[in-house]
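Novice: Here it is, the structure in full.
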Amino acid sequence: MITRRGFLRLIGGSAFSLVSLGAYAVGIEPMLLTHVKRYTLTPPHWPAGLKLRVVALADIHACRPWMTPERIASLAAEANALQPDLIVLLGDYTAGTKLVTGWVRVAEWAEALSGLKAPLGVLSILGNHDWWTDSFAQRAEAGPVQSRKALEHVGIPVLENDVVRLEKDGHAFWIAGLADQLALLPNKAKGRGSFQGLDDLDGTLAKVQGSEPIILLAHEPDIFPKVPWRVSLTLSGHTHGGQVRVLGYSPVVPSAYGNRFAYGHVVENDRNLIVSGGLGFSILPVRFGVRPEILQIDLG
Ligand SMILES: [Fe+2]
């Protein structure tokens with residue numbers, strides 16, 4: 001039998017555990033436990049002799065107190081220290097939650113990202129939040145959004161349905177960047193009942209000449225079932241791994257495919273997708289079981 005004192009102790013203990021869990025999920029895991037997530041693979045169509053290290057940062061979601069310009073600058077320094085050949089940014093630079101103590105201006109996070117350095121350069125794509133936080137672009141139903149302008153201002157090219165050809169060790173390959181798949185918010189006045197993407201996968205891949213390998217950057221992984229085998233590797237973010245993930249299962253995933261593309265390396269029909277758990281968060285400032293991560297991908 002449980003005594004009154006025992007009962008009170010139990011309640012007190014549970015409340016303490018809840019508070020500790022809350023502190024962990026709001027403060028410790030999101031801010032202090034960033035790690036480098038490493039993958040090594042030889043995807044289809046990858047030429048023997050081409051060794052390429054790609055470092056990717058996804059879903060930065062700049063806001064105070066969690067993702068300040070100072071923290072972004074230190075993440076950039078960490079990315080540089082991995083000695084990548086190429087750095088890619090997978091979208092969602094702007095705040096994804098209203099539960100903040102202060103905003104970070106686009107010029108501030110872009111300036112922090114300007115510290116990224118790699119021999120083959122830094123390339124970027126945009127995410128849904130880069131569109132959703134730009135009311136002018138929403139009204140115009142067209143870019144360039146502020147995130148794009150800010151990235152370009154610090155010398156980081158932004159690929160929206162565009163490609164870049166790069167070379168290393170005598171081998172050429174292409175980086176293709178997809179425009180965002182959820183760019184335009186639903187707008188009854190404009191007769192738009194749901195989100196509208198600006199992505200053009202076929203048009204983007206049509207810009208690739210020859211048969212050299214392709215790495216596709218697509219903020220949302222939901223495009224993956226449509227990505228042809230021709231593409232060696234697709235890199236995505238957006239899901240944050242669900243932000244809460246227990247035993248390989250995420251209860252809430254912003255994807256039409258649920259857990260199928262929620263996190264990590266997915267291989268389907270000899271096609272490769274890597275979904276980063278990202279760095280920041282959206283909706284609720286919580287992370288549990290999905291530490292903020294910098295992706296390091298070694299191809300070859
Ligand atoms: Fe996103």
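Please note that chains go A, B, ... in the order of the structure tokens, that every chain numbers its residues from 1, and that ligands are numbered from 1 in the order shown.
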Considering only C-alpha atoms, tabulate each residue of range 41-118 of chain A that lies at most 10 Å from range 230-246 of chain A along with its nearest interatomic pair and the corresponding distance in Å to one decimal; arrange the rows by chain and ascending residue number and present them as a tab-separated table.
Specialist:
```
residue	atom	partner	partner_atom	distance
A:Leu41	CA	A:Leu233	CA	9.8
A:Thr42	CA	A:Ser232	CA	8.9
A:Pro43	CA	A:Ser232	CA	5.5
A:Pro44	CA	A:Ser232	CA	5.3
A:His45	CA	A:Ser232	CA	6.1
A:Trp46	CA	A:Ser232	CA	6.9
A:Ala56	CA	A:Leu235	CA	8.5
A:Leu57	CA	A:Gly237	CA	8.6
A:Ala58	CA	A:Gly237	CA	5.5
A:Asp59	CA	A:His238	CA	6.4
A:Val88	CA	A:Leu235	CA	9.3
A:Leu89	CA	A:Gly237	CA	9.5
A:Leu90	CA	A:Gly237	CA	6.2
A:Gly91	CA	A:Gly237	CA	7.5
A:Asp92	CA	A:His238	CA	7.5
```
Novice: Any chance you could export the current selection's N, CA, C and O atoms as a PDB file, in the first residue's frame?
Specialist:
```pdb
ATOM      1  N   LEU A  41      29.480   6.146 -48.467  1.00  0.00           N
ATOM      2  CA  LEU A  41      28.808   5.283 -49.434  1.00  0.00           C
ATOM      3  C   LEU A  41      29.354   5.481 -50.839  1.00  0.00           C
ATOM      4  O   LEU A  41      29.989   6.495 -51.139  1.00  0.00           O
ATOM      5  N   THR A  42      29.106   4.468 -51.661  1.00  0.00           N
ATOM      6  CA  THR A  42      29.412   4.550 -53.084  1.00  0.00           C
ATOM      7  C   THR A  42      28.089   4.378 -53.819  1.00  0.00           C
ATOM      8  O   THR A  42      27.629   3.263 -54.034  1.00  0.00           O
ATOM      9  N   PRO A  43      27.447   5.489 -54.154  1.00  0.00           N
ATOM     10  CA  PRO A  43      26.130   5.377 -54.768  1.00  0.00           C
ATOM     11  C   PRO A  43      26.231   4.956 -56.242  1.00  0.00           C
ATOM     12  O   PRO A  43      27.326   4.942 -56.795  1.00  0.00           O
ATOM     13  N   PRO A  44      25.112   4.622 -56.880  1.00  0.00           N
ATOM     14  CA  PRO A  44      25.121   4.248 -58.287  1.00  0.00           C
ATOM     15  C   PRO A  44      25.691   5.377 -59.147  1.00  0.00           C
ATOM     16  O   PRO A  44      25.531   6.556 -58.801  1.00  0.00           O
ATOM     17  N   HIS A  45      26.320   5.015 -60.218  1.00  0.00           N
ATOM     18  CA  HIS A  45      26.890   5.958 -61.205  1.00  0.00           C
ATOM     19  C   HIS A  45      28.054   6.774 -60.658  1.00  0.00           C
ATOM     20  O   HIS A  45      28.395   7.807 -61.214  1.00  0.00           O
ATOM     21  N   TRP A  46      28.590   6.339 -59.526  1.00  0.00           N
ATOM     22  CA  TRP A  46      29.685   7.133 -58.965  1.00  0.00           C
ATOM     23  C   TRP A  46      31.007   6.626 -59.532  1.00  0.00           C
ATOM     24  O   TRP A  46      31.308   5.437 -59.431  1.00  0.00           O
ATOM     25  N   ALA A  56      26.937  18.956 -45.038  1.00  0.00           N
ATOM     26  CA  ALA A  56      25.631  19.606 -45.234  1.00  0.00           C
ATOM     27  C   ALA A  56      25.087  20.145 -43.917  1.00  0.00           C
ATOM     28  O   ALA A  56      25.176  19.480 -42.882  1.00  0.00           O
ATOM     29  N   LEU A  57      24.529  21.344 -43.995  1.00  0.00           N
ATOM     30  CA  LEU A  57      23.819  21.937 -42.854  1.00  0.00           C
ATOM     31  C   LEU A  57      22.365  22.133 -43.271  1.00  0.00           C
ATOM     32  O   LEU A  57      22.096  22.694 -44.337  1.00  0.00           O
ATOM     33  N   ALA A  58      21.461  21.658 -42.441  1.00  0.00           N
ATOM     34  CA  ALA A  58      20.040  21.753 -42.786  1.00  0.00           C
ATOM     35  C   ALA A  58      19.253  22.435 -41.670  1.00  0.00           C
ATOM     36  O   ALA A  58      19.600  22.317 -40.492  1.00  0.00           O
ATOM     37  N   ASP A  59      18.206  23.126 -42.050  1.00  0.00           N
ATOM     38  CA  ASP A  59      17.205  23.628 -41.096  1.00  0.00           C
ATOM     39  C   ASP A  59      17.825  24.397 -39.927  1.00  0.00           C
ATOM     40  O   ASP A  59      17.634  24.043 -38.767  1.00  0.00           O
ATOM     41  N   VAL A  88      27.122  22.120 -48.563  1.00  0.00           N
ATOM     42  CA  VAL A  88      25.790  22.450 -49.085  1.00  0.00           C
ATOM     43  C   VAL A  88      24.859  22.814 -47.937  1.00  0.00           C
ATOM     44  O   VAL A  88      24.954  22.266 -46.840  1.00  0.00           O
ATOM     45  N   LEU A  89      23.974  23.747 -48.221  1.00  0.00           N
ATOM     46  CA  LEU A  89      22.990  24.211 -47.232  1.00  0.00           C
ATOM     47  C   LEU A  89      21.618  23.813 -47.748  1.00  0.00           C
ATOM     48  O   LEU A  89      21.258  24.108 -48.896  1.00  0.00           O
ATOM     49  N   LEU A  90      20.845  23.115 -46.906  1.00  0.00           N
ATOM     50  CA  LEU A  90      19.630  22.459 -47.397  1.00  0.00           C
ATOM     51  C   LEU A  90      18.330  23.194 -47.093  1.00  0.00           C
ATOM     52  O   LEU A  90      17.262  22.608 -47.153  1.00  0.00           O
ATOM     53  N   GLY A  91      18.418  24.502 -46.784  1.00  0.00           N
ATOM     54  CA  GLY A  91      17.195  25.290 -46.675  1.00  0.00           C
ATOM     55  C   GLY A  91      16.668  25.482 -45.269  1.00  0.00           C
ATOM     56  O   GLY A  91      17.134  24.867 -44.317  1.00  0.00           O
ATOM     57  N   ASP A  92      15.661  26.372 -45.138  1.00  0.00           N
ATOM     58  CA  ASP A  92      15.060  26.755 -43.859  1.00  0.00           C
ATOM     59  C   ASP A  92      16.065  27.454 -42.942  1.00  0.00           C
ATOM     60  O   ASP A  92      16.471  26.920 -41.902  1.00  0.00           O
TER      61      ASP A  92
END
```
Novice: So that I can see what lies close to Val36 in chain A, please list as a PyMOL selection string the residues with an atom at most 9 Å from it, counting only C-alpha atoms and leaving out residues fewer than 4 positions away in the same chain.
Specialist: chain A and resi 79+292-296
Novice: Counting only C-alpha atoms, figure out which residue out of A:Val19, A:Leu184, A:Val252, A:Met67 gets nearest to Phe136 in chain A.
Specialist: A:Leu184
Novice: When DSSP is applied to the backbone of this structure, which of range 132-256 of chain A are assigned strand (DSSP E)? Write them out as a PyMOL selection string.
Specialist: chain A and resi 162-168+171-177+214-217+233-236
Novice: What would the file look like if the residues just selected were written as a PDB file, in the first residue's frame with N, CA and C atoms?
Specialist:
```
ATOM      1  N   ASP A 162      17.962  24.576 -60.535  1.00  0.00           N
ATOM      2  CA  ASP A 162      19.174  24.919 -61.269  1.00  0.00           C
ATOM      3  C   ASP A 162      20.286  23.920 -60.939  1.00  0.00           C
ATOM      4  N   VAL A 163      21.314  23.923 -61.771  1.00  0.00           N
ATOM      5  CA  VAL A 163      22.409  22.965 -61.590  1.00  0.00           C
ATOM      6  C   VAL A 163      23.758  23.665 -61.685  1.00  0.00           C
ATOM      7  N   VAL A 164      24.749  23.022 -61.089  1.00  0.00           N
ATOM      8  CA  VAL A 164      26.129  23.516 -61.173  1.00  0.00           C
ATOM      9  C   VAL A 164      27.020  22.313 -61.472  1.00  0.00           C
ATOM     10  N   ARG A 165      27.958  22.489 -62.370  1.00  0.00           N
ATOM     11  CA  ARG A 165      28.901  21.411 -62.694  1.00  0.00           C
ATOM     12  C   ARG A 165      30.213  21.676 -61.958  1.00  0.00           C
ATOM     13  N   LEU A 166      30.705  20.655 -61.244  1.00  0.00           N
ATOM     14  CA  LEU A 166      31.943  20.797 -60.486  1.00  0.00           C
ATOM     15  C   LEU A 166      32.916  19.703 -60.909  1.00  0.00           C
ATOM     16  N   GLU A 167      34.170  19.910 -60.598  1.00  0.00           N
ATOM     17  CA  GLU A 167      35.186  18.909 -60.929  1.00  0.00           C
ATOM     18  C   GLU A 167      36.108  18.685 -59.754  1.00  0.00           C
ATOM     19  N   LYS A 168      36.472  17.408 -59.587  1.00  0.00           N
ATOM     20  CA  LYS A 168      37.510  17.088 -58.596  1.00  0.00           C
ATOM     21  C   LYS A 168      38.295  15.882 -59.082  1.00  0.00           C
ATOM     22  N   HIS A 171      37.457  14.300 -62.337  1.00  0.00           N
ATOM     23  CA  HIS A 171      36.091  13.809 -62.558  1.00  0.00           C
ATOM     24  C   HIS A 171      35.114  14.964 -62.392  1.00  0.00           C
ATOM     25  N   ALA A 172      34.127  14.989 -63.271  1.00  0.00           N
ATOM     26  CA  ALA A 172      33.094  16.018 -63.150  1.00  0.00           C
ATOM     27  C   ALA A 172      31.840  15.421 -62.524  1.00  0.00           C
ATOM     28  N   PHE A 173      31.090  16.243 -61.830  1.00  0.00           N
ATOM     29  CA  PHE A 173      29.779  15.825 -61.300  1.00  0.00           C
ATOM     30  C   PHE A 173      28.911  17.068 -61.189  1.00  0.00           C
ATOM     31  N   TRP A 174      27.623  16.833 -60.996  1.00  0.00           N
ATOM     32  CA  TRP A 174      26.664  17.937 -60.967  1.00  0.00           C
ATOM     33  C   TRP A 174      25.962  18.024 -59.621  1.00  0.00           C
ATOM     34  N   ILE A 175      25.752  19.244 -59.186  1.00  0.00           N
ATOM     35  CA  ILE A 175      24.869  19.477 -58.039  1.00  0.00           C
ATOM     36  C   ILE A 175      23.608  20.125 -58.598  1.00  0.00           C
ATOM     37  N   ALA A 176      22.483  19.449 -58.370  1.00  0.00           N
ATOM     38  CA  ALA A 176      21.199  19.985 -58.827  1.00  0.00           C
ATOM     39  C   ALA A 176      20.415  20.434 -57.599  1.00  0.00           C
ATOM     40  N   GLY A 177      19.819  21.610 -57.660  1.00  0.00           N
ATOM     41  CA  GLY A 177      19.050  22.111 -56.517  1.00  0.00           C
ATOM     42  C   GLY A 177      17.608  22.364 -56.917  1.00  0.00           C
ATOM     43  N   ILE A 214      25.100  12.883 -60.568  1.00  0.00           N
ATOM     44  CA  ILE A 214      24.299  14.005 -60.059  1.00  0.00           C
ATOM     45  C   ILE A 214      24.017  13.797 -58.573  1.00  0.00           C
ATOM     46  N   ILE A 215      24.196  14.862 -57.801  1.00  0.00           N
ATOM     47  CA  ILE A 215      23.698  14.909 -56.419  1.00  0.00           C
ATOM     48  C   ILE A 215      22.568  15.931 -56.416  1.00  0.00           C
ATOM     49  N   LEU A 216      21.410  15.500 -55.948  1.00  0.00           N
ATOM     50  CA  LEU A 216      20.247  16.388 -55.929  1.00  0.00           C
ATOM     51  C   LEU A 216      20.029  16.921 -54.517  1.00  0.00           C
ATOM     52  N   LEU A 217      19.843  18.226 -54.405  1.00  0.00           N
ATOM     53  CA  LEU A 217      19.484  18.850 -53.131  1.00  0.00           C
ATOM     54  C   LEU A 217      18.000  19.200 -53.189  1.00  0.00           C
ATOM     55  N   LEU A 233      22.512  10.495 -55.648  1.00  0.00           N
ATOM     56  CA  LEU A 233      22.204  10.714 -54.238  1.00  0.00           C
ATOM     57  C   LEU A 233      21.311  11.948 -54.098  1.00  0.00           C
ATOM     58  N   THR A 234      20.293  11.827 -53.268  1.00  0.00           N
ATOM     59  CA  THR A 234      19.437  12.977 -52.942  1.00  0.00           C
ATOM     60  C   THR A 234      19.680  13.348 -51.483  1.00  0.00           C
ATOM     61  N   LEU A 235      19.870  14.637 -51.235  1.00  0.00           N
ATOM     62  CA  LEU A 235      20.058  15.127 -49.854  1.00  0.00           C
ATOM     63  C   LEU A 235      18.889  16.013 -49.465  1.00  0.00           C
ATOM     64  N   SER A 236      18.295  15.734 -48.321  1.00  0.00           N
ATOM     65  CA  SER A 236      17.147  16.511 -47.853  1.00  0.00           C
ATOM     66  C   SER A 236      17.272  16.857 -46.380  1.00  0.00           C
TER      67      SER A 236
END
```
Novice: Check every protein, DNA and RNA residue against ligand 1, keep those with an atom at most 12 Å away (counting only C-alpha atoms and all ligand atoms), and present them as a PyMOL selection string.
Specialist: chain A and resi 58-61+90-97+125-133+180-183+218-222+236-242+253-255+275-283
